[in-house]
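Shown here: input01.txt, compact mmCIF, C-alpha atoms.
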```txt
# COMPACT_ATOMS: atom_id res chain seq x y z
CA MET A 1 -226.10 -38.91 38.27
CA THR A 2 -224.10 -35.73 38.88
CA VAL A 3 -220.46 -35.88 37.84
CA GLU A 4 -217.85 -34.33 40.15
CA ILE A 5 -214.93 -32.45 38.64
CA CYS A 6 -211.83 -30.89 40.18
CA VAL A 7 -210.50 -27.87 38.29
CA LYS A 8 -207.98 -25.10 38.86
CA GLU A 9 -208.97 -22.25 41.15
CA ALA A 10 -207.87 -18.77 40.08
CA SER A 11 -204.50 -17.85 41.59
CA GLY A 12 -205.08 -15.56 44.57
CA VAL A 13 -208.83 -15.38 43.92
CA PRO A 14 -210.56 -17.99 46.08
CA GLY A 15 -213.87 -19.28 44.79
CA LYS A 16 -213.25 -18.31 41.14
CA LEU A 17 -212.59 -20.60 38.20
CA GLY A 18 -208.94 -20.56 37.11
CA ASP A 19 -207.22 -20.43 33.75
CA CYS A 20 -206.47 -24.08 32.87
CA PRO A 21 -207.29 -24.84 29.19
CA PHE A 22 -207.39 -28.59 29.87
CA CYS A 23 -209.94 -28.09 32.64
CA GLN A 24 -212.01 -25.90 30.36
CA ARG A 25 -211.92 -28.58 27.68
CA VAL A 26 -213.60 -31.04 30.06
CA LEU A 27 -216.08 -28.43 31.31
CA LEU A 28 -217.00 -27.59 27.71
CA THR A 29 -217.58 -31.27 27.01
CA LEU A 30 -219.88 -31.57 30.02
CA GLU A 31 -221.76 -28.43 28.99
CA GLU A 32 -222.18 -29.49 25.37
CA LYS A 33 -223.39 -32.93 26.44
CA LYS A 34 -225.65 -31.32 29.09
CA VAL A 35 -224.26 -33.60 31.81
CA PRO A 36 -224.99 -32.28 35.32
CA TYR A 37 -221.80 -31.70 37.29
CA LYS A 38 -220.46 -30.37 40.57
CA THR A 39 -217.24 -28.34 40.51
CA HIS A 40 -214.46 -28.48 43.11
CA LEU A 41 -212.07 -25.53 42.75
CA ILE A 42 -208.53 -26.59 43.67
CA ASN A 43 -205.85 -24.16 44.85
CA LEU A 44 -202.84 -25.65 43.07
CA SER A 45 -200.43 -23.73 45.32
CA GLU A 46 -201.92 -25.29 48.46
CA LYS A 47 -203.60 -28.49 47.38
CA PRO A 48 -206.06 -29.82 49.96
CA GLN A 49 -205.21 -33.11 51.61
CA TRP A 50 -208.40 -34.86 50.46
CA PHE A 51 -207.48 -34.00 46.87
CA LEU A 52 -203.95 -35.42 47.18
CA GLU A 53 -205.31 -38.58 48.78
CA ILE A 54 -207.47 -39.35 45.76
CA ASN A 55 -204.97 -37.93 43.28
CA PRO A 56 -201.34 -38.17 44.50
CA GLU A 57 -199.98 -36.50 41.35
CA GLY A 58 -202.08 -33.46 42.20
CA LYS A 59 -203.03 -32.63 38.63
CA VAL A 60 -206.24 -31.19 37.24
CA PRO A 61 -208.67 -31.83 35.66
CA LEU A 62 -209.83 -34.76 37.74
CA ILE A 63 -213.31 -36.19 37.37
CA LYS A 64 -215.40 -38.63 39.37
CA ILE A 65 -217.62 -40.93 37.35
CA GLU A 66 -219.47 -43.82 38.99
CA ASP A 67 -217.38 -43.62 42.19
CA LYS A 68 -214.07 -43.68 40.31
CA TRP A 69 -211.71 -40.70 40.02
CA VAL A 70 -210.09 -40.27 36.60
CA ALA A 71 -207.34 -37.87 35.50
CA ASP A 72 -206.06 -36.62 32.11
CA SER A 73 -208.33 -34.62 29.82
CA ASP A 74 -207.85 -37.01 26.88
CA VAL A 75 -208.96 -39.98 28.97
CA ILE A 76 -211.80 -38.05 30.60
CA VAL A 77 -213.24 -36.85 27.29
CA GLY A 78 -213.12 -40.40 25.93
CA ILE A 79 -215.01 -41.73 28.94
CA LEU A 80 -217.62 -38.97 28.71
CA GLU A 81 -218.18 -39.80 25.05
CA GLU A 82 -218.69 -43.45 25.96
CA LYS A 83 -220.93 -42.82 28.97
CA TYR A 84 -223.03 -40.04 27.43
CA PRO A 85 -223.42 -40.81 23.71
CA GLU A 86 -226.74 -38.96 23.35
CA THR A 87 -224.91 -35.83 22.13
CA PRO A 88 -222.04 -37.26 20.09
CA LEU A 89 -218.92 -35.12 19.91
CA THR A 90 -216.45 -37.58 18.39
CA THR A 91 -214.36 -35.96 15.66
CA HIS A 92 -213.95 -37.86 12.40
CA PRO A 93 -210.53 -39.61 12.53
CA GLU A 94 -209.41 -37.66 9.46
CA PHE A 95 -209.62 -34.40 11.42
CA THR A 96 -208.55 -35.33 14.97
CA THR A 97 -205.04 -33.86 14.65
CA VAL A 98 -206.07 -30.57 13.04
CA GLY A 99 -204.58 -27.73 15.08
CA SER A 100 -202.90 -30.13 17.50
CA LYS A 101 -199.49 -28.40 17.29
CA ILE A 102 -200.79 -24.87 17.82
CA PHE A 103 -200.64 -24.91 21.61
CA ILE A 104 -197.03 -26.10 21.93
CA SER A 105 -196.01 -23.60 19.24
CA PHE A 106 -197.76 -20.84 21.17
CA VAL A 107 -196.07 -21.86 24.45
CA ARG A 108 -192.62 -21.76 22.85
CA PHE A 109 -193.30 -18.36 21.31
CA VAL A 110 -194.79 -16.70 24.39
CA LYS A 111 -191.84 -17.89 26.52
CA SER A 112 -189.21 -16.98 23.92
CA LYS A 113 -186.69 -14.23 24.68
CA ASP A 114 -185.09 -14.38 21.22
CA ALA A 115 -186.95 -12.74 18.33
CA THR A 116 -184.87 -14.68 15.79
CA ASP A 117 -185.36 -18.20 17.16
CA GLY A 118 -188.12 -19.13 14.71
CA THR A 119 -190.86 -19.66 17.30
CA GLU A 120 -193.08 -16.92 15.86
CA GLN A 121 -192.83 -18.38 12.35
CA ALA A 122 -193.54 -21.88 13.65
CA LEU A 123 -196.76 -20.63 15.24
CA LEU A 124 -197.72 -18.73 12.09
CA ASP A 125 -197.21 -21.87 10.03
CA GLU A 126 -199.59 -23.81 12.30
CA LEU A 127 -202.20 -21.05 12.22
CA LYS A 128 -201.98 -20.83 8.43
CA ALA A 129 -202.52 -24.59 8.19
CA LEU A 130 -205.61 -24.25 10.40
CA ASP A 131 -206.87 -21.38 8.25
CA GLU A 132 -206.53 -23.49 5.09
CA HIS A 133 -208.32 -26.41 6.74
CA LEU A 134 -211.21 -24.22 7.91
CA LYS A 135 -211.48 -22.66 4.46
CA ALA A 136 -212.02 -26.13 3.01
CA HIS A 137 -213.98 -27.82 5.78
CA GLY A 138 -215.36 -25.15 8.18
CA PRO A 139 -216.93 -23.47 9.96
CA TYR A 140 -215.80 -26.03 12.57
CA ILE A 141 -212.89 -28.45 12.26
CA ALA A 142 -215.11 -31.31 11.12
CA GLY A 143 -217.70 -29.28 9.26
CA GLU A 144 -221.05 -27.86 10.33
CA LYS A 145 -221.13 -29.20 13.90
CA ILE A 146 -218.89 -28.63 16.87
CA THR A 147 -216.91 -31.72 17.93
CA ALA A 148 -214.30 -32.78 20.48
CA ALA A 149 -211.46 -31.31 18.39
CA ASP A 150 -213.03 -27.85 18.63
CA LEU A 151 -213.58 -28.19 22.38
CA SER A 152 -209.92 -29.07 22.81
CA LEU A 153 -208.62 -26.25 20.62
CA ALA A 154 -210.96 -23.45 21.73
CA PRO A 155 -209.45 -22.89 25.22
CA LYS A 156 -205.93 -23.00 23.76
CA LEU A 157 -206.77 -20.34 21.17
CA TYR A 158 -208.30 -18.25 23.98
CA HIS A 159 -205.03 -18.44 25.95
CA LEU A 160 -203.04 -17.68 22.81
CA GLU A 161 -205.07 -14.58 22.03
CA ILE A 162 -204.90 -13.17 25.55
CA ALA A 163 -201.33 -14.08 26.50
CA LEU A 164 -199.67 -13.05 23.24
CA GLY A 165 -201.69 -9.85 23.12
CA HIS A 166 -200.57 -8.96 26.65
CA PHE A 167 -196.96 -10.15 26.77
CA LYS A 168 -195.88 -9.64 23.14
CA LYS A 169 -198.46 -7.17 21.78
CA TRP A 170 -199.02 -9.83 19.10
CA SER A 171 -202.23 -10.93 17.41
CA VAL A 172 -203.28 -13.42 14.78
CA PRO A 173 -202.73 -11.80 11.35
CA GLU A 174 -205.89 -10.28 9.90
CA ASN A 175 -205.47 -12.18 6.63
CA LEU A 176 -206.15 -15.45 8.45
CA THR A 177 -209.86 -14.68 8.16
CA HIS A 178 -211.07 -18.24 8.67
CA VAL A 179 -209.17 -18.52 11.97
CA HIS A 180 -210.67 -15.21 13.11
CA ASN A 181 -214.18 -16.30 12.18
CA TYR A 182 -213.60 -19.64 13.91
CA THR A 183 -212.45 -18.09 17.19
CA LYS A 184 -215.37 -15.66 17.17
CA LEU A 185 -217.75 -18.56 16.65
CA LEU A 186 -216.19 -20.60 19.46
CA PHE A 187 -215.86 -17.78 21.99
CA ALA A 188 -219.44 -16.61 21.41
CA GLY A 189 -220.89 -19.94 22.49
CA GLU A 190 -222.86 -20.12 25.73
CA SER A 191 -220.80 -23.07 26.94
CA PHE A 192 -217.57 -21.19 26.33
CA SER A 193 -218.57 -18.05 28.18
CA LYS A 194 -219.80 -20.15 31.09
CA THR A 195 -216.52 -22.09 31.42
CA SER A 196 -213.80 -19.55 30.55
CA ALA A 197 -211.72 -17.61 33.06
CA PRO A 198 -211.51 -13.80 32.73
CA ALA A 199 -208.54 -12.44 30.77
CA GLU A 200 -206.82 -11.13 33.89
CA TYR A 201 -206.73 -14.65 35.37
CA VAL A 202 -205.20 -16.00 32.16
CA ILE A 203 -202.53 -13.30 32.22
CA ALA A 204 -201.78 -13.97 35.89
CA GLY A 205 -201.48 -17.67 35.13
CA TRP A 206 -198.97 -17.16 32.33
CA ALA A 207 -196.87 -14.43 33.99
CA PRO A 208 -194.57 -16.79 35.98
CA LYS A 209 -193.90 -18.89 32.88
CA VAL A 210 -193.22 -15.93 30.62
CA ASN A 211 -191.03 -14.15 33.17
CA ALA A 212 -189.04 -17.24 34.20
```
What's the structure tokens form of this structure?
Amino acid sequence: MTVEICVKEASGVPGKLGDCPFCQRVLLTLEEKKVPYKTHLINLSEKPQWFLEINPEGKVPLIKIEDKWVADSDVIVGILEEKYPETPLTTHPEFTTVGSKIFISFVRFVKSKDATDGTEQALLDELKALDEHLKAHGPYIAGEKITAADLSLAPKLYHLEIALGHFKKWSVPENLTHVHNYTKLLFAGESFSKTSAPAEYVIAGWAPKVNA
């Protein structure tokens, strides 16, 4: 049975996949599990009425499984793991929180207007912790195979790389070699290239937040 999924449409570019890392997380999960799916691109500035009727909060991603619409990427990924266990992606409990604070640290830093507020150092601390973990356990978070933790973190690292490079001319320090190898490994995957938005869409998506 084909799964239906509602994801963000690129701002001002009808018919093109947008820059939502949480949507990409679910798309990556579907791709890695080889679950057939149909995509509905949602213009979040002018949400269609049918979408609001099934999802009053108007958030994406939204997925339809067995005639039931489900929101929230955490919940969706859990359901997909349960419904399609043939390609297991569950991360060992010991590693599920690895890298979990990187995205919020990145958001605070990219939106920061004060170079002395500590947001850059907070992000560096999180990236260093990831580098140490990958050094001990890599190449992926839980070892040799890609798991749900990687599929959650990969889109966030993609946004981090593009947005910080554009808005702050900042990049992950070269000495964090394990992080660099990890991102190259993730971004080179067929599933990732198929589900990621172009850099210009990511920049356009972050511009209102950064310039607020």
When you look at segment 109-113 of chain A with a cut-off of 6 Å (counting all atoms listed in the file), what residues show up, excluding the ones that are within fewer than 5 positions of it in the same chain? I need them as an mmCIF file with C-alpha atoms, in the frame of the given file.
```cif
data_model
loop_
_atom_site.group_PDB
_atom_site.id
_atom_site.type_symbol
_atom_site.label_atom_id
_atom_site.label_comp_id
_atom_site.auth_asym_id
_atom_site.auth_seq_id
_atom_site.Cartn_x
_atom_site.Cartn_y
_atom_site.Cartn_z
ATOM 1 C CA THR A 119 -190.860 -19.660 17.300
ATOM 2 C CA GLU A 120 -193.080 -16.920 15.860
ATOM 3 C CA VAL A 210 -193.220 -15.930 30.620
#
```
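Residue nearest Ser45 of chain A within the list A:Ala10, A:Ala199, A:Ala154, A:Val77: A:Ala10 [criterion: smallest interatomic distance, all atoms listed in the file].
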query: Quick one, how far is atom CA of Asn211 of chain A from atom CA of Cys20 of chain A?
result: 18.4 Å
How big is the axis-aligned box around all listed atoms of segment 123-140 of chain A once 3 Å goes on each side, and where's its centre, in Å to one decimal, as AutoDock Vina command-line options?
```
--center_x -206.8 --center_y -23.3 --center_z 9.1 --size_x 26.2 --size_y 15.1 --size_z 18.2
```
Could you give me, as a Markdown table, a per-residue list for segment 43-120 of chain A showing, wherever an atom lies at most 12 Å from an atom of segment 127-150 of chain A, the closest pair of atoms and their distance in Å to one decimal, using all atoms listed in the file and sorting by chain then residue number from low to high?
```
| residue | atom | partner | partner_atom | distance |
| --- | --- | --- | --- | --- |
| A:Ser73 | CA | A:Ala148 | CA | 11.2 |
| A:Asp74 | CA | A:Ala148 | CA | 10.0 |
| A:Ile76 | CA | A:Ala148 | CA | 11.7 |
| A:Val77 | CA | A:Ala148 | CA | 8.0 |
| A:Gly78 | CA | A:Ala148 | CA | 9.4 |
| A:Leu80 | CA | A:Ala148 | CA | 10.8 |
| A:Glu81 | CA | A:Ala148 | CA | 9.2 |
| A:Thr87 | CA | A:Thr147 | CA | 9.9 |
| A:Pro88 | CA | A:Thr147 | CA | 7.9 |
| A:Leu89 | CA | A:Thr147 | CA | 4.4 |
| A:Thr90 | CA | A:Ala148 | CA | 5.7 |
| A:Thr91 | CA | A:Thr147 | CA | 5.4 |
| A:His92 | CA | A:Ala142 | CA | 6.8 |
| A:Pro93 | CA | A:Ala142 | CA | 9.6 |
| A:Glu94 | CA | A:Ala142 | CA | 8.7 |
| A:Phe95 | CA | A:Ala142 | CA | 6.3 |
| A:Thr96 | CA | A:Ala149 | CA | 6.0 |
| A:Thr97 | CA | A:Ala149 | CA | 7.9 |
| A:Val98 | CA | A:Leu130 | CA | 6.9 |
| A:Gly99 | CA | A:Leu130 | CA | 5.9 |
| A:Ser100 | CA | A:Ala149 | CA | 8.7 |
| A:Lys101 | CA | A:Leu127 | CA | 9.3 |
| A:Ile102 | CA | A:Leu127 | CA | 6.9 |
| A:Phe103 | CA | A:Leu127 | CA | 10.3 |
| A:Ser105 | CA | A:Leu127 | CA | 9.7 |
| A:Phe106 | CA | A:Leu127 | CA | 10.0 |
| A:Glu120 | CA | A:Leu127 | CA | 10.7 |
```
Selected residues, C-alpha atoms, written as an mmCIF file, keeping the file's coordinate frame, please.
```cif
data_model
loop_
_atom_site.group_PDB
_atom_site.id
_atom_site.type_symbol
_atom_site.label_atom_id
_atom_site.label_comp_id
_atom_site.auth_asym_id
_atom_site.auth_seq_id
_atom_site.Cartn_x
_atom_site.Cartn_y
_atom_site.Cartn_z
ATOM 1 C CA SER A 73 -208.330 -34.620 29.820
ATOM 2 C CA ASP A 74 -207.850 -37.010 26.880
ATOM 3 C CA ILE A 76 -211.800 -38.050 30.600
ATOM 4 C CA VAL A 77 -213.240 -36.850 27.290
ATOM 5 C CA GLY A 78 -213.120 -40.400 25.930
ATOM 6 C CA LEU A 80 -217.620 -38.970 28.710
ATOM 7 C CA GLU A 81 -218.180 -39.800 25.050
ATOM 8 C CA THR A 87 -224.910 -35.830 22.130
ATOM 9 C CA PRO A 88 -222.040 -37.260 20.090
ATOM 10 C CA LEU A 89 -218.920 -35.120 19.910
ATOM 11 C CA THR A 90 -216.450 -37.580 18.390
ATOM 12 C CA THR A 91 -214.360 -35.960 15.660
ATOM 13 C CA HIS A 92 -213.950 -37.860 12.400
ATOM 14 C CA PRO A 93 -210.530 -39.610 12.530
ATOM 15 C CA GLU A 94 -209.410 -37.660 9.460
ATOM 16 C CA PHE A 95 -209.620 -34.400 11.420
ATOM 17 C CA THR A 96 -208.550 -35.330 14.970
ATOM 18 C CA THR A 97 -205.040 -33.860 14.650
ATOM 19 C CA VAL A 98 -206.070 -30.570 13.040
ATOM 20 C CA GLY A 99 -204.580 -27.730 15.080
ATOM 21 C CA SER A 100 -202.900 -30.130 17.500
ATOM 22 C CA LYS A 101 -199.490 -28.400 17.290
ATOM 23 C CA ILE A 102 -200.790 -24.870 17.820
ATOM 24 C CA PHE A 103 -200.640 -24.910 21.610
ATOM 25 C CA SER A 105 -196.010 -23.600 19.240
ATOM 26 C CA PHE A 106 -197.760 -20.840 21.170
ATOM 27 C CA GLU A 120 -193.080 -16.920 15.860
#
```
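Between atom CA of Ala163 of chain A and atom CA of Lys47 of chain A lies a distance of 25.5 Å.
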With the input short on atoms, add all heavy atoms back to segment 117-128 of chain A and write it as a tab-separated table (two decimals), in the coordinates of the input.
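Written file, selection25.tsv:
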```
chain	number	residue	atom	x	y	z
A	117	ASP	N	-185.48	-16.75	16.93
A	117	ASP	CA	-185.36	-18.20	17.16
A	117	ASP	C	-186.36	-19.05	16.36
A	117	ASP	O	-186.37	-20.27	16.46
A	117	ASP	CB	-185.48	-18.53	18.65
A	117	ASP	CG	-186.85	-18.19	19.23
A	117	ASP	OD1	-187.73	-17.74	18.48
A	117	ASP	OD2	-187.01	-18.34	20.47
A	118	GLY	N	-187.19	-18.39	15.57
A	118	GLY	CA	-188.12	-19.13	14.71
A	118	GLY	C	-189.43	-19.53	15.35
A	118	GLY	O	-190.29	-20.14	14.69
A	119	THR	N	-189.63	-19.21	16.63
A	119	THR	CA	-190.86	-19.66	17.30
A	119	THR	C	-192.10	-18.93	16.77
A	119	THR	O	-193.17	-19.51	16.69
A	119	THR	CB	-190.76	-19.47	18.83
A	119	THR	OG1	-190.42	-18.10	19.12
A	119	THR	CG2	-189.71	-20.38	19.44
A	120	GLU	N	-191.94	-17.66	16.41
A	120	GLU	CA	-193.08	-16.92	15.86
A	120	GLU	C	-193.49	-17.52	14.52
A	120	GLU	O	-194.68	-17.74	14.26
A	120	GLU	CB	-192.74	-15.44	15.68
A	120	GLU	CG	-193.90	-14.64	15.08
A	120	GLU	CD	-193.59	-13.17	14.87
A	120	GLU	OE1	-192.42	-12.77	15.08
A	120	GLU	OE2	-194.51	-12.43	14.50
A	121	GLN	N	-192.52	-17.81	13.66
A	121	GLN	CA	-192.83	-18.38	12.35
A	121	GLN	C	-193.46	-19.76	12.47
A	121	GLN	O	-194.37	-20.12	11.72
A	121	GLN	CB	-191.57	-18.45	11.49
A	121	GLN	CG	-191.84	-18.86	10.05
A	121	GLN	CD	-192.80	-17.91	9.34
A	121	GLN	OE1	-192.62	-16.69	9.37
A	121	GLN	NE2	-193.84	-18.46	8.72
A	122	ALA	N	-192.98	-20.54	13.44
A	122	ALA	CA	-193.54	-21.88	13.65
A	122	ALA	C	-195.02	-21.79	14.01
A	122	ALA	O	-195.84	-22.58	13.53
A	122	ALA	CB	-192.77	-22.61	14.74
A	123	LEU	N	-195.36	-20.82	14.87
A	123	LEU	CA	-196.76	-20.63	15.24
A	123	LEU	C	-197.57	-20.15	14.03
A	123	LEU	O	-198.68	-20.64	13.80
A	123	LEU	CB	-196.87	-19.62	16.39
A	123	LEU	CG	-198.30	-19.25	16.79
A	123	LEU	CD1	-199.10	-20.48	17.23
A	123	LEU	CD2	-198.29	-18.21	17.92
A	124	LEU	N	-197.01	-19.22	13.28
A	124	LEU	CA	-197.72	-18.73	12.09
A	124	LEU	C	-198.00	-19.85	11.10
A	124	LEU	O	-199.08	-19.92	10.51
A	124	LEU	CB	-196.89	-17.63	11.42
A	124	LEU	CG	-196.96	-16.24	12.05
A	124	LEU	CD1	-195.92	-15.33	11.42
A	124	LEU	CD2	-198.35	-15.64	11.90
A	125	ASP	N	-197.03	-20.74	10.94
A	125	ASP	CA	-197.21	-21.87	10.03
A	125	ASP	C	-198.38	-22.75	10.47
A	125	ASP	O	-199.18	-23.21	9.64
A	125	ASP	CB	-195.93	-22.71	9.96
A	125	ASP	CG	-194.81	-22.00	9.23
A	125	ASP	OD1	-195.07	-20.99	8.54
A	125	ASP	OD2	-193.64	-22.44	9.37
A	126	GLU	N	-198.49	-22.98	11.78
A	126	GLU	CA	-199.59	-23.81	12.30
A	126	GLU	C	-200.93	-23.11	12.13
A	126	GLU	O	-201.94	-23.75	11.78
A	126	GLU	CB	-199.34	-24.14	13.78
A	126	GLU	CG	-198.14	-25.03	14.04
A	126	GLU	CD	-198.24	-26.38	13.37
A	126	GLU	OE1	-199.36	-26.89	13.19
A	126	GLU	OE2	-197.18	-26.93	12.99
A	127	LEU	N	-200.96	-21.80	12.36
A	127	LEU	CA	-202.20	-21.05	12.22
A	127	LEU	C	-202.63	-20.97	10.75
A	127	LEU	O	-203.82	-21.03	10.43
A	127	LEU	CB	-202.04	-19.65	12.81
A	127	LEU	CG	-201.93	-19.59	14.33
A	127	LEU	CD1	-201.53	-18.19	14.79
A	127	LEU	CD2	-203.25	-19.99	15.00
A	128	LYS	N	-201.66	-20.85	9.86
A	128	LYS	CA	-201.98	-20.83	8.43
A	128	LYS	C	-202.56	-22.17	7.99
A	128	LYS	O	-203.50	-22.22	7.19
A	128	LYS	CB	-200.71	-20.51	7.62
A	128	LYS	CG	-200.27	-19.06	7.72
A	128	LYS	CD	-198.95	-18.83	6.99
A	128	LYS	CE	-198.46	-17.40	7.17
A	128	LYS	NZ	-197.11	-17.21	6.58
```
